[in-house]
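Chemist: So here's target-v1.cif, just mmCIF, C-alpha atoms and all ligand atoms:
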data_my_file
#
loop_
_atom_site.group_PDB
_atom_site.id
_atom_site.type_symbol
_atom_site.label_atom_id
_atom_site.label_comp_id
_atom_site.auth_asym_id
_atom_site.auth_seq_id
_atom_site.Cartn_x
_atom_site.Cartn_y
_atom_site.Cartn_z
ATOM 1 C CA MET E 1295 -49.885 -115.966 42.148
ATOM 2 C CA SER E 1296 -49.115 -113.547 39.365
ATOM 3 C CA VAL E 1297 -49.389 -109.870 40.228
ATOM 4 C CA LEU E 1298 -50.407 -109.215 36.642
ATOM 5 C CA THR E 1299 -53.925 -110.404 37.446
ATOM 6 C CA HIS E 1300 -56.363 -109.489 40.184
ATOM 7 C CA GLY E 1301 -57.407 -112.058 42.777
ATOM 8 C CA THR E 1302 -57.743 -112.651 46.481
ATOM 9 C CA GLY E 1303 -55.671 -115.838 46.880
ATOM 10 C CA SER E 1304 -55.314 -118.004 49.987
ATOM 11 C CA PHE E 1305 -53.652 -117.367 53.350
ATOM 12 C CA PHE E 1306 -50.121 -117.703 51.965
ATOM 13 C CA GLY E 1307 -51.053 -116.129 48.643
ATOM 14 C CA GLY E 1308 -52.388 -118.340 45.820
ATOM 15 C CA ASN E 1309 -50.934 -121.855 45.870
ATOM 16 C CA SER E 1310 -48.030 -121.079 48.191
ATOM 17 C CA THR E 1311 -47.205 -123.504 50.972
ATOM 18 C CA PHE E 1312 -45.511 -122.964 54.321
ATOM 19 C CA ALA E 1313 -42.208 -124.073 52.735
ATOM 20 C CA ASP E 1314 -42.620 -121.315 50.160
ATOM 21 C CA VAL E 1315 -42.932 -118.790 52.938
ATOM 22 C CA MET E 1316 -39.581 -119.843 54.354
ATOM 23 C CA LEU E 1317 -37.741 -120.129 51.027
ATOM 24 C CA PRO E 1318 -38.060 -118.110 47.824
ATOM 25 C CA ARG E 1319 -39.319 -120.365 45.013
ATOM 26 C CA THR E 1320 -37.450 -118.859 42.079
ATOM 27 C CA THR E 1321 -33.835 -119.188 40.962
ATOM 28 C CA ASN E 1322 -34.105 -116.356 38.403
ATOM 29 C CA THR E 1323 -32.433 -113.036 39.052
ATOM 30 C CA TYR E 1324 -34.482 -109.902 39.670
ATOM 31 C CA MET E 1325 -33.299 -108.381 36.372
ATOM 32 C CA HIS E 1326 -34.325 -111.519 34.486
ATOM 33 C CA GLU E 1327 -37.862 -111.201 35.887
ATOM 34 C CA TYR E 1328 -37.886 -107.484 35.133
ATOM 35 C CA ASN E 1329 -36.864 -107.968 31.502
ATOM 36 C CA GLN E 1330 -39.396 -110.736 31.000
ATOM 37 C CA ILE E 1331 -42.213 -108.533 32.372
ATOM 38 C CA ALA E 1332 -41.027 -105.608 30.230
ATOM 39 C CA GLN E 1333 -41.364 -107.851 27.158
ATOM 40 C CA THR E 1334 -44.703 -109.466 27.980
ATOM 41 C CA ALA E 1335 -46.415 -106.428 29.539
ATOM 42 C CA SER E 1336 -45.056 -103.445 27.641
ATOM 43 C CA TYR E 1337 -48.085 -101.328 28.687
ATOM 44 C CA LEU E 1338 -46.691 -101.112 32.247
ATOM 45 C CA ASN E 1339 -44.532 -98.157 33.338
ATOM 46 C CA THR E 1340 -41.139 -98.626 35.022
ATOM 47 C CA PRO E 1341 -42.326 -98.564 38.690
ATOM 48 C CA GLU E 1342 -45.098 -101.043 37.807
ATOM 49 C CA ARG E 1343 -42.586 -103.356 36.119
ATOM 50 C CA MET E 1344 -40.279 -103.119 39.135
ATOM 51 C CA TRP E 1345 -43.188 -103.927 41.459
ATOM 52 C CA ALA E 1346 -44.316 -106.940 39.393
ATOM 53 C CA ALA E 1347 -40.705 -108.166 39.016
ATOM 54 C CA TRP E 1348 -40.234 -108.058 42.796
ATOM 55 C CA TYR E 1349 -43.248 -110.328 43.400
ATOM 56 C CA ALA E 1350 -42.174 -112.662 40.553
ATOM 57 C CA TYR E 1351 -38.565 -112.744 41.830
ATOM 58 C CA ILE E 1352 -39.497 -113.633 45.410
ATOM 59 C CA GLY E 1353 -42.148 -116.069 44.202
ATOM 60 C CA ASN E 1354 -44.245 -115.776 47.331
ATOM 61 C CA ASP E 1355 -46.608 -112.888 47.955
ATOM 62 C CA VAL E 1356 -46.482 -112.981 51.767
ATOM 63 C CA LEU E 1357 -42.692 -112.991 51.762
ATOM 64 C CA ALA E 1358 -42.513 -110.290 49.057
ATOM 65 C CA THR E 1359 -44.885 -107.918 50.882
ATOM 66 C CA GLY E 1360 -43.311 -108.738 54.274
ATOM 67 C CA ILE E 1361 -39.737 -107.913 53.170
ATOM 68 C CA MET E 1362 -40.843 -104.814 51.263
ATOM 69 C CA SER E 1363 -42.922 -103.492 54.188
ATOM 70 C CA PHE E 1364 -40.212 -104.017 56.781
ATOM 71 C CA MET E 1365 -37.454 -102.542 54.600
ATOM 72 C CA MET E 1366 -39.642 -99.574 53.715
ATOM 73 C CA HIS E 1367 -40.421 -98.890 57.367
ATOM 74 C CA GLU E 1368 -36.751 -99.026 58.422
ATOM 75 C CA ILE E 1369 -35.450 -96.964 55.478
ATOM 76 C CA VAL E 1370 -38.154 -94.301 55.799
ATOM 77 C CA TYR E 1371 -38.024 -94.092 59.603
ATOM 78 C CA PHE E 1372 -34.260 -93.815 60.024
ATOM 79 C CA GLY E 1373 -33.824 -92.065 56.665
ATOM 80 C CA ARG E 1374 -36.224 -89.317 57.708
ATOM 81 C CA CYS E 1375 -34.516 -88.999 61.108
ATOM 82 C CA ILE E 1376 -31.027 -88.399 59.641
ATOM 83 C CA PRO E 1377 -31.748 -84.820 58.406
ATOM 84 C CA TRP E 1378 -33.110 -83.992 61.884
ATOM 85 C CA LEU E 1379 -29.939 -85.376 63.527
ATOM 86 C CA ILE E 1380 -27.939 -83.018 61.309
ATOM 87 C CA VAL E 1381 -30.270 -80.063 61.965
ATOM 88 C CA ASP E 1382 -29.786 -80.636 65.713
ATOM 89 C CA ARG E 1383 -26.010 -80.118 65.285
ATOM 90 C CA ILE E 1384 -26.216 -76.908 63.182
ATOM 91 C CA LYS E 1385 -25.925 -73.920 65.511
ATOM 92 C CA ALA E 1386 -27.288 -71.450 62.922
ATOM 93 C CA LEU E 1387 -30.625 -73.316 62.943
ATOM 94 C CA ARG E 1388 -30.932 -73.286 66.717
ATOM 95 C CA LYS E 1389 -33.078 -70.144 66.581
ATOM 96 C CA TYR E 1390 -35.844 -72.304 65.075
ATOM 97 C CA LYS E 1391 -35.740 -74.833 67.943
ATOM 98 C CA ILE E 1392 -39.002 -74.684 69.887
ATOM 99 C CA GLN E 1393 -37.456 -75.457 73.302
ATOM 100 C CA THR E 1394 -34.173 -73.661 72.624
ATOM 101 C CA HIS E 1395 -32.448 -74.617 75.848
ATOM 102 C CA LYS E 1396 -33.022 -78.375 75.480
ATOM 103 C CA VAL E 1397 -30.728 -79.749 72.763
ATOM 104 C CA PRO E 1398 -30.612 -83.584 72.785
ATOM 105 C CA THR E 1399 -27.170 -85.136 73.272
ATOM 106 C CA ALA E 1400 -25.761 -87.747 70.869
ATOM 107 C CA GLN E 1401 -25.922 -90.313 73.695
ATOM 108 C CA GLU E 1402 -29.632 -89.594 74.277
ATOM 109 C CA GLN E 1403 -30.367 -90.028 70.578
ATOM 110 C CA TRP E 1404 -28.370 -93.243 70.346
ATOM 111 C CA ASP E 1405 -30.162 -94.738 73.395
ATOM 112 C CA CYS E 1406 -33.460 -93.794 71.819
ATOM 113 C CA ALA E 1407 -32.517 -95.351 68.446
ATOM 114 C CA LYS E 1408 -31.529 -98.618 70.170
ATOM 115 C CA LEU E 1409 -34.927 -98.985 71.857
ATOM 116 C CA VAL E 1410 -36.780 -98.079 68.662
ATOM 117 C CA LEU E 1411 -34.773 -100.685 66.705
ATOM 118 C CA LEU E 1412 -35.435 -103.343 69.328
ATOM 119 C CA SER E 1413 -39.156 -102.631 69.180
ATOM 120 C CA HIS E 1414 -39.124 -102.735 65.352
ATOM 121 C CA PHE E 1415 -37.591 -106.215 65.336
ATOM 122 C CA THR E 1416 -39.575 -107.693 68.219
ATOM 123 C CA VAL E 1417 -42.987 -106.020 68.076
ATOM 124 C CA GLU E 1418 -43.451 -104.625 64.594
ATOM 125 C CA LEU E 1419 -41.840 -107.370 62.489
ATOM 126 C CA PRO E 1420 -44.412 -110.058 63.398
ATOM 127 C CA GLN E 1421 -47.234 -107.584 62.789
ATOM 128 C CA ILE E 1422 -45.837 -106.577 59.407
ATOM 129 C CA TRP E 1423 -45.532 -110.269 58.512
ATOM 130 C CA PHE E 1424 -49.257 -110.807 58.879
ATOM 131 C CA PHE E 1425 -50.107 -107.700 56.924
ATOM 132 C CA HIS E 1426 -50.284 -109.397 53.508
ATOM 133 C CA PRO E 1427 -52.655 -112.242 54.499
ATOM 134 C CA MET E 1428 -54.820 -109.703 56.331
ATOM 135 C CA ALA E 1429 -54.772 -107.316 53.361
ATOM 136 C CA GLN E 1430 -55.716 -110.144 51.011
ATOM 137 C CA TYR E 1431 -58.510 -111.266 53.325
ATOM 138 C CA PHE E 1432 -60.060 -107.806 53.090
ATOM 139 C CA GLY E 1433 -59.574 -107.710 49.311
ATOM 140 C CA MET E 1434 -56.624 -105.304 49.039
ATOM 141 C CA ALA E 1435 -55.044 -105.468 45.573
ATOM 142 C CA HIS E 1436 -51.301 -105.785 45.000
ATOM 143 C CA THR E 1437 -51.521 -106.211 41.251
ATOM 144 C CA VAL E 1438 -50.347 -103.951 38.410
ATOM 145 C CA PRO E 1439 -51.144 -101.515 36.856
ATOM 146 C CA PHE E 1440 -51.324 -99.190 39.857
ATOM 147 C CA PRO E 1441 -54.478 -97.224 40.688
ATOM 148 C CA PRO E 1442 -54.791 -93.660 39.293
ATOM 149 C CA LEU E 1443 -53.169 -90.805 41.244
ATOM 150 C CA TYR E 1444 -56.451 -89.032 42.102
ATOM 151 C CA LYS E 1445 -57.669 -92.190 43.852
ATOM 152 C CA ILE E 1446 -54.436 -92.544 45.854
ATOM 153 C CA ILE E 1447 -54.739 -88.892 46.970
ATOM 154 C CA TYR E 1448 -58.374 -88.905 48.106
ATOM 155 C CA GLN E 1449 -58.047 -92.256 49.885
ATOM 156 C CA ILE E 1450 -54.966 -91.057 51.796
ATOM 157 C CA ALA E 1451 -56.765 -87.805 52.726
ATOM 158 C CA ILE E 1452 -59.569 -89.917 54.271
ATOM 159 C CA PHE E 1453 -57.016 -92.020 56.195
ATOM 160 C CA PHE E 1454 -55.392 -88.877 57.615
ATOM 161 C CA VAL E 1455 -58.735 -87.626 58.960
ATOM 162 C CA PHE E 1456 -59.678 -91.044 60.397
ATOM 163 C CA GLU E 1457 -56.287 -91.681 62.001
ATOM 164 C CA ASP E 1458 -56.258 -88.230 63.590
ATOM 165 C CA ALA E 1459 -59.615 -88.917 65.290
ATOM 166 C CA TRP E 1460 -58.412 -92.312 66.537
ATOM 167 C CA HIS E 1461 -55.167 -90.778 67.744
ATOM 168 C CA TYR E 1462 -56.910 -87.944 69.583
ATOM 169 C CA TRP E 1463 -59.184 -90.189 71.670
ATOM 170 C CA SER E 1464 -56.645 -92.991 72.235
ATOM 171 C CA HIS E 1465 -53.894 -90.554 73.163
ATOM 172 C CA ARG E 1466 -56.247 -88.702 75.490
ATOM 173 C CA ALA E 1467 -57.127 -92.044 77.104
ATOM 174 C CA LEU E 1468 -53.400 -92.826 77.487
ATOM 175 C CA HIS E 1469 -53.119 -89.717 79.668
ATOM 176 C CA TRP E 1470 -55.559 -91.209 82.181
ATOM 177 C CA GLY E 1471 -53.612 -92.006 85.417
ATOM 178 C CA PRO E 1472 -53.160 -95.809 85.335
ATOM 179 C CA LEU E 1473 -52.670 -95.949 81.543
ATOM 180 C CA TYR E 1474 -50.206 -93.079 81.671
ATOM 181 C CA LYS E 1475 -48.182 -94.612 84.502
ATOM 182 C CA ASN E 1476 -48.022 -98.080 82.972
ATOM 183 C CA ILE E 1477 -47.882 -97.360 79.233
ATOM 184 C CA HIS E 1478 -47.580 -93.787 77.947
ATOM 185 C CA LYS E 1479 -44.942 -92.527 80.423
ATOM 186 C CA ILE E 1480 -42.168 -94.091 78.321
ATOM 187 C CA HIS E 1481 -43.031 -91.893 75.335
ATOM 188 C CA HIS E 1482 -42.926 -88.823 77.584
ATOM 189 C CA GLN E 1483 -39.371 -89.520 78.722
ATOM 190 C CA TYR E 1484 -38.258 -86.726 76.397
ATOM 191 C CA SER E 1485 -39.947 -83.459 77.374
ATOM 192 C CA ALA E 1486 -38.164 -81.820 74.416
ATOM 193 C CA PRO E 1487 -38.631 -84.377 71.629
ATOM 194 C CA PHE E 1488 -36.447 -85.066 68.578
ATOM 195 C CA GLY E 1489 -37.251 -87.011 65.381
ATOM 196 C CA LEU E 1490 -36.079 -90.427 66.595
ATOM 197 C CA ALA E 1491 -38.388 -90.208 69.613
ATOM 198 C CA ALA E 1492 -41.498 -90.530 67.397
ATOM 199 C CA GLU E 1493 -41.709 -94.291 67.944
ATOM 200 C CA TYR E 1494 -40.004 -94.329 71.349
ATOM 201 C CA ALA E 1495 -42.897 -95.895 73.231
ATOM 202 C CA SER E 1496 -44.168 -98.971 75.025
ATOM 203 C CA PRO E 1497 -44.976 -101.889 72.666
ATOM 204 C CA ILE E 1498 -48.579 -101.695 73.910
ATOM 205 C CA GLU E 1499 -48.748 -98.047 72.872
ATOM 206 C CA VAL E 1500 -47.192 -98.797 69.466
ATOM 207 C CA MET E 1501 -49.923 -101.391 68.891
ATOM 208 C CA PHE E 1502 -52.748 -99.298 70.347
ATOM 209 C CA LEU E 1503 -51.971 -96.122 68.382
ATOM 210 C CA GLY E 1504 -50.910 -98.183 65.355
ATOM 211 C CA ILE E 1505 -54.481 -99.487 65.081
ATOM 212 C CA GLY E 1506 -55.496 -96.052 63.781
ATOM 213 C CA THR E 1507 -52.834 -96.144 61.050
ATOM 214 C CA VAL E 1508 -53.570 -99.711 59.916
ATOM 215 C CA SER E 1509 -57.315 -99.991 60.512
ATOM 216 C CA ALA E 1510 -58.154 -96.871 58.448
ATOM 217 C CA PRO E 1511 -57.131 -98.519 55.147
ATOM 218 C CA ILE E 1512 -58.319 -101.990 56.222
ATOM 219 C CA LEU E 1513 -61.774 -100.612 57.083
ATOM 220 C CA TRP E 1514 -61.886 -98.633 53.859
ATOM 221 C CA CYS E 1515 -60.929 -101.752 51.913
ATOM 222 C CA ALA E 1516 -63.518 -103.932 53.685
ATOM 223 C CA ILE E 1517 -66.282 -101.444 52.848
ATOM 224 C CA THR E 1518 -65.342 -100.362 49.312
ATOM 225 C CA GLN E 1519 -63.224 -103.325 48.107
ATOM 226 C CA ASP E 1520 -61.142 -100.687 46.367
ATOM 227 C CA LEU E 1521 -57.636 -100.248 47.769
ATOM 228 C CA HIS E 1522 -54.139 -101.046 46.535
ATOM 229 C CA VAL E 1523 -51.169 -102.037 48.712
ATOM 230 C CA LEU E 1524 -49.204 -99.201 47.066
ATOM 231 C CA THR E 1525 -51.719 -96.636 48.399
ATOM 232 C CA MET E 1526 -51.287 -98.198 51.835
ATOM 233 C CA TYR E 1527 -47.484 -97.868 51.507
ATOM 234 C CA ILE E 1528 -47.651 -94.201 50.491
ATOM 235 C CA TRP E 1529 -50.033 -93.594 53.409
ATOM 236 C CA ILE E 1530 -47.615 -95.249 55.875
ATOM 237 C CA VAL E 1531 -44.676 -93.233 54.490
ATOM 238 C CA LEU E 1532 -46.591 -89.941 54.858
ATOM 239 C CA ARG E 1533 -47.794 -90.912 58.330
ATOM 240 C CA LEU E 1534 -44.188 -91.690 59.359
ATOM 241 C CA PHE E 1535 -43.088 -88.305 57.988
ATOM 242 C CA GLN E 1536 -45.880 -86.626 59.947
ATOM 243 C CA ALA E 1537 -44.973 -88.396 63.217
ATOM 244 C CA ILE E 1538 -41.204 -87.799 62.898
ATOM 245 C CA ASP E 1539 -41.597 -84.164 61.863
ATOM 246 C CA ALA E 1540 -44.048 -83.563 64.733
ATOM 247 C CA HIS E 1541 -41.311 -84.749 67.123
ATOM 248 C CA SER E 1542 -38.484 -82.858 65.390
ATOM 249 C CA GLY E 1543 -38.477 -80.027 67.938
ATOM 250 C CA PHE E 1544 -38.140 -77.402 65.187
ATOM 251 C CA ASP E 1545 -40.601 -74.877 63.836
ATOM 252 C CA PHE E 1546 -39.393 -73.195 60.651
ATOM 253 C CA PRO E 1547 -40.959 -70.320 58.703
ATOM 254 C CA TRP E 1548 -41.498 -72.932 55.961
ATOM 255 C CA SER E 1549 -43.103 -75.549 58.254
ATOM 256 C CA LEU E 1550 -46.236 -77.122 56.811
ATOM 257 C CA HIS E 1551 -48.669 -75.735 59.416
ATOM 258 C CA LYS E 1552 -47.816 -72.218 58.228
ATOM 259 C CA PHE E 1553 -49.344 -73.077 54.838
ATOM 260 C CA VAL E 1554 -51.911 -75.787 55.578
ATOM 261 C CA PRO E 1555 -54.640 -74.500 57.901
ATOM 262 C CA MET E 1556 -55.324 -76.790 60.878
ATOM 263 C CA TRP E 1557 -52.162 -78.881 60.267
ATOM 264 C CA ALA E 1558 -50.680 -79.699 63.701
ATOM 265 C CA GLY E 1559 -46.924 -80.038 63.090
ATOM 266 C CA ALA E 1560 -44.016 -79.844 65.551
ATOM 267 C CA ASP E 1561 -45.286 -76.599 67.031
ATOM 268 C CA TRP E 1562 -48.380 -78.468 68.285
ATOM 269 C CA HIS E 1563 -46.845 -81.734 69.534
ATOM 270 C CA ASP E 1564 -43.756 -80.163 71.102
ATOM 271 C CA THR E 1565 -46.021 -78.263 73.503
ATOM 272 C CA HIS E 1566 -47.699 -81.557 74.407
ATOM 273 C CA HIS E 1567 -44.318 -83.031 75.399
ATOM 274 C CA GLU E 1568 -43.356 -79.889 77.312
ATOM 275 C CA LYS E 1569 -46.623 -79.405 79.233
ATOM 276 C CA PHE E 1570 -47.766 -83.077 79.415
ATOM 277 C CA ILE E 1571 -51.354 -82.009 78.904
ATOM 278 C CA GLY E 1572 -53.501 -81.008 75.904
ATOM 279 C CA ASN E 1573 -52.744 -81.173 72.137
ATOM 280 C CA TYR E 1574 -53.569 -84.880 71.903
ATOM 281 C CA SER E 1575 -54.238 -85.088 68.159
ATOM 282 C CA SER E 1576 -51.659 -86.195 65.578
ATOM 283 C CA SER E 1577 -52.107 -84.527 62.181
ATOM 284 C CA PHE E 1578 -54.702 -81.761 62.639
ATOM 285 C CA ARG E 1579 -55.712 -79.253 65.314
ATOM 286 C CA TRP E 1580 -59.483 -79.500 65.031
ATOM 287 C CA TRP E 1581 -60.177 -82.189 67.669
ATOM 288 C CA ASP E 1582 -58.295 -80.296 70.381
ATOM 289 C CA LEU E 1583 -59.981 -77.043 69.416
ATOM 290 C CA MET E 1584 -63.435 -78.674 69.351
ATOM 291 C CA MET E 1585 -62.962 -80.467 72.678
ATOM 292 C CA ASP E 1586 -61.201 -77.480 74.296
ATOM 293 C CA THR E 1587 -58.005 -79.375 75.095
ATOM 294 C CA GLN E 1588 -55.502 -77.029 73.495
ATOM 295 C CA SER E 1589 -52.200 -76.935 75.376
ATOM 296 C CA GLY E 1590 -50.071 -73.941 76.394
ATOM 297 C CA PRO E 1591 -50.437 -70.862 78.617
ATOM 298 C CA GLU E 1592 -52.380 -68.837 76.064
ATOM 299 C CA ALA E 1593 -55.044 -71.497 75.623
ATOM 300 C CA ALA E 1594 -55.234 -71.936 79.421
ATOM 301 C CA LYS E 1595 -55.711 -68.164 79.842
ATOM 302 C CA LYS E 1596 -58.519 -68.110 77.295
ATOM 303 C CA ARG E 1597 -60.158 -71.100 79.005
ATOM 304 C CA ARG E 1598 -59.991 -69.299 82.354
ATOM 305 C CA GLU E 1599 -61.509 -66.164 80.874
ATOM 306 C CA ARG E 1600 -64.339 -68.142 79.294
ATOM 307 C CA LYS E 1601 -65.022 -69.884 82.606
ATOM 308 C CA LEU E 1602 -65.101 -66.562 84.513
ATOM 309 C CA ALA E 1603 -67.410 -64.980 81.922
ATOM 310 C CA LYS E 1604 -69.754 -67.984 82.186
ATOM 311 C CA ALA E 1605 -69.744 -67.796 85.998
ATOM 312 C CA ALA E 1606 -70.452 -64.051 85.909
ATOM 313 C CA LYS E 1607 -73.322 -64.617 83.519
ATOM 314 C CA SER E 1608 -75.004 -67.259 85.669
ATOM 315 C CA ALA E 1609 -74.472 -65.259 88.901
HETATM 316 ZN ZN ZN E 1701 -48.899 -87.896 75.451
HETATM 317 ZN ZN ZN E 1702 -44.969 -87.603 71.096
#
Written as structure tokens, how would this file's structure read?
Ligand SMILES: [Zn+2]
Ligand SMILES: [Zn+2]

Modeler:
Amino acid sequence: MSVLTHGTGSFFGGNSTFADVMLPRTTNTYMHEYNQIAQTASYLNTPERMWAAWYAYIGNDVLATGIMSFMMHEIVYFGRCIPWLIVDRIKALRKYKIQTHKVPTAQEQWDCAKLVLLSHFTVELPQIWFFHPMAQYFGMAHTVPFPPLYKIIYQIAIFFVFEDAWHYWSHRALHWGPLYKNIHKIHHQYSAPFGLAAEYASPIEVMFLGIGTVSAPILWCAITQDLHVLTMYIWIVLRLFQAIDAHSGFDFPWSLHKFVPMWAGADWHDTHHEKFIGNYSSSFRWWDLMMDTQSGPEAAKKRRERKLAKAAKSA
């Protein structure tokens, strides 16, 4: 199916067969496809031409989206972790480390990376593979031209708010005895987290918490029939940045929560890993503040004072 036109297509995308899924249909080079699209659709900008050429080059939409999604996830995840690995080794930046005395060793980080990689290939790859058919079923567009920037921004803002609510309640549930012992304990192996530890978790947890990230756009798409795969990609990239940065273990004077009110950041999630209780949300602070589950000694002190004042009042 051409990405130059809109359409919903079949399970394997348009007229593709199972054989197409296993083998790319085309023998043309990527540049050949790109040049042809540049000639026939001169109204497209360079990223749009590149996008359309990729789908034309692979010749199968499921395969094209599958490869792109998996590559994007790996490049963004490990790419975003590299600066944090370097920051961990720079002594001058140690004063910004939240739990100063707990610097992760290279061995710890390598062990963590190995488990994350294993889970990406065994648990996430099959899920990513079925993303395109699922996206098409709910009417998500992967055609060009891309949607306007304002639309991408407001849709992603909605996904952030939705995912945060899902994360708060699911994460809080994961701290319930049996669920914690059998599922969430793995993620809490590192009481002083570092970037790579963001997806260090049981496969069940990855799926359970991942529902919030994936179902927000799917639900939006099912209701409005107005969502592009590109918006979904940008959302996933930003969500990965948020999760990795929240686990970085560093709080800088230029950290996002210092400028964006209610943004959670590393400062928020690091305390969760240190104290094991409270600060269950992912991107924002409002759920914890509303439900009185803020972590840390200061919040506990305030809670105690409120309780005492209430008891004195009713006495
Ligand atoms: Zn937790
Ligand atoms: Zn965590």

Chemist: Calculated over only C-alpha atoms, which of the candidates E:His1461, E:Arg1600, E:Arg1343, E:Arg1533 has the smallest distance to E:Leu1503?

Modeler: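 Using only C-alpha atoms, E:Leu1503 sits closest to E:His1461.
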
Chemist: With all atoms listed in the file counted and 8 Å as the cut-off, give the residues of stretch 1516-1560 of chain E in contact with stretch 1579-1588 of chain E, each with its shortest interatomic distance in Å and the pair that gives it, as JSON lines.

Modeler:
{"residue": "E:Met1556", "atom": "CA", "partner": "E:Arg1579", "partner_atom": "CA", "distance": 5.1}
{"residue": "E:Trp1557", "atom": "CA", "partner": "E:Arg1579", "partner_atom": "CA", "distance": 6.2}
{"residue": "E:Ala1558", "atom": "CA", "partner": "E:Arg1579", "partner_atom": "CA", "distance": 5.3}

Chemist: I need the residues from that last selection saved to file as a tab-separated table (two decimals), in the frame of the given file (with C-alpha atoms), if you can.

Modeler:
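Dumped to part.tsv:
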chain	number	residue	atom	x	y	z
E	1556	MET	CA	-55.32	-76.79	60.88
E	1557	TRP	CA	-52.16	-78.88	60.27
E	1558	ALA	CA	-50.68	-79.70	63.70

Chemist: Could you list the residues chosen by the PyMOL selection byres (((chain E and resi 1344) around 12) and not hetatm) in this structure as number ranges by chain?

Modeler: E: 1297, 1324-1332, 1335, 1338-1343, 1345-1351, 1437-1440

Chemist: May I ask which of the residues E:Tyr1462, E:Phe1544, E:Phe1502, E:Trp1404 is the closest one to ligand ZN 1701 (chain E), counting all atoms listed in the file?

Modeler: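 Between E:Tyr1462, E:Phe1544, E:Phe1502, E:Trp1404, the residue approaching ligand ZN 1701 (chain E) most closely is E:Tyr1462.
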
Chemist: Rank nothing, just name the residue among E:His1541, E:His1478, E:Lys1445, E:Lys1391 nearest to E:Cys1375, using all atoms listed in the file.

Modeler: E:His1541

Chemist: Looking at all atoms listed in the file, which of E:His1482, E:Lys1604, E:His1551, E:His1414 is the one that sits closest to E:His1367?

Modeler: E:His1414

Chemist: What is the distance between atom CA of E:Phe1425 and atom CA of E:Thr1359, in Å to one decimal?

Modeler: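 Atom CA of E:Thr1359 lies 8.0 Å from atom CA of E:Phe1425.
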
Chemist: Name the residues that the PyMOL selection byres (((chain E and resi 1465) around 12) and not hetatm) picks from the file above, as a short mmCIF file (atom, residue, chain, number, x, y, z; two decimals) with C-alpha atoms, keeping the file's coordinate frame, using the file's chain letters and numbers.

Modeler:
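File written: selection-v6.cif
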data_model
loop_
_atom_site.label_atom_id
_atom_site.label_comp_id
_atom_site.auth_asym_id
_atom_site.auth_seq_id
_atom_site.Cartn_x
_atom_site.Cartn_y
_atom_site.Cartn_z
CA GLU E 1457 -56.29 -91.68 62.00
CA ASP E 1458 -56.26 -88.23 63.59
CA ALA E 1459 -59.62 -88.92 65.29
CA TRP E 1460 -58.41 -92.31 66.54
CA HIS E 1461 -55.17 -90.78 67.74
CA TYR E 1462 -56.91 -87.94 69.58
CA TRP E 1463 -59.18 -90.19 71.67
CA SER E 1464 -56.64 -92.99 72.24
CA ARG E 1466 -56.25 -88.70 75.49
CA ALA E 1467 -57.13 -92.04 77.10
CA LEU E 1468 -53.40 -92.83 77.49
CA HIS E 1469 -53.12 -89.72 79.67
CA TRP E 1470 -55.56 -91.21 82.18
CA LEU E 1473 -52.67 -95.95 81.54
CA TYR E 1474 -50.21 -93.08 81.67
CA ILE E 1477 -47.88 -97.36 79.23
CA HIS E 1478 -47.58 -93.79 77.95
CA LYS E 1479 -44.94 -92.53 80.42
CA HIS E 1481 -43.03 -91.89 75.33
CA HIS E 1482 -42.93 -88.82 77.58
CA GLU E 1499 -48.75 -98.05 72.87
CA VAL E 1500 -47.19 -98.80 69.47
CA PHE E 1502 -52.75 -99.30 70.35
CA LEU E 1503 -51.97 -96.12 68.38
CA GLY E 1504 -50.91 -98.18 65.36
CA GLY E 1506 -55.50 -96.05 63.78
CA HIS E 1563 -46.84 -81.73 69.53
CA HIS E 1566 -47.70 -81.56 74.41
CA PHE E 1570 -47.77 -83.08 79.42
CA ILE E 1571 -51.35 -82.01 78.90
CA GLY E 1572 -53.50 -81.01 75.90
CA ASN E 1573 -52.74 -81.17 72.14
CA TYR E 1574 -53.57 -84.88 71.90
CA SER E 1575 -54.24 -85.09 68.16
CA SER E 1576 -51.66 -86.20 65.58
CA TRP E 1581 -60.18 -82.19 67.67
CA ASP E 1582 -58.30 -80.30 70.38
#

Chemist: Name the closest residue to ligand ZN 1701 (chain E) among the candidates E:Val1370, E:Ala1495, E:Met1362, E:Ile1452; distances are taken between atoms, counting only C-alpha atoms and all ligand atoms.

Modeler: E:Ala1495

Chemist: Between atom CA of E:Tyr1337 and atom CA of E:His1436, what is the distance, to one decimal in Å?

Modeler: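 Spanning atom CA of E:Tyr1337 to atom CA of E:His1436 is a straight-line distance of 17.2 Å.
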
Chemist: Looking at only C-alpha atoms and all ligand atoms, which of E:Lys1475, E:His1395, E:His1426, E:Arg1374 is the one that sits closest to ligand ZN 1701 (chain E)?

Modeler: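 For ligand ZN 1701 (chain E), the nearest of the given residues is E:Lys1475.
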
Chemist: What's the separation between atom CA of E:Ser1496 and atom CA of E:Ile1480, in Å to one decimal place?

Modeler: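 Separation of atom CA of E:Ser1496 and atom CA of E:Ile1480: 6.2 Å.
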
Chemist: Give me the residues within 8 Å of E:Pro1511 as number ranges by chain, counting only C-alpha atoms and dropping any in the same chain fewer than 6 places off.

Modeler: E: 1453, 1521, 1526

Chemist: Please report, as lines of an AutoDock Vina configuration file, the centre and edge lengths in Å to one decimal of an axis-aligned box covering all listed atoms of stretch 1482-1492 of chain E with 3 Å per side.

Modeler:
center_x = -39.5
center_y = -86.2
center_z = 72.1
size_x = 12.8
size_y = 14.7
size_z = 19.3

Chemist: Please write as a PyMOL selection string the full residue list that the PyMOL selection byres (((chain E and resi 1399) around 12) and not hetatm) yields on this file.

Modeler: chain E and resi 1379+1382-1383+1396-1398+1400-1406+1484+1486-1488

Chemist: When you look at E:Pro1420 with a cut-off of 12 Å (counting only C-alpha atoms), what residues show up, excluding the ones that are within fewer than 5 positions of it in the same chain? I need them as a PyMOL selection string.

Modeler: chain E and resi 1360-1361+1363-1364+1413-1415+1425-1426+1501
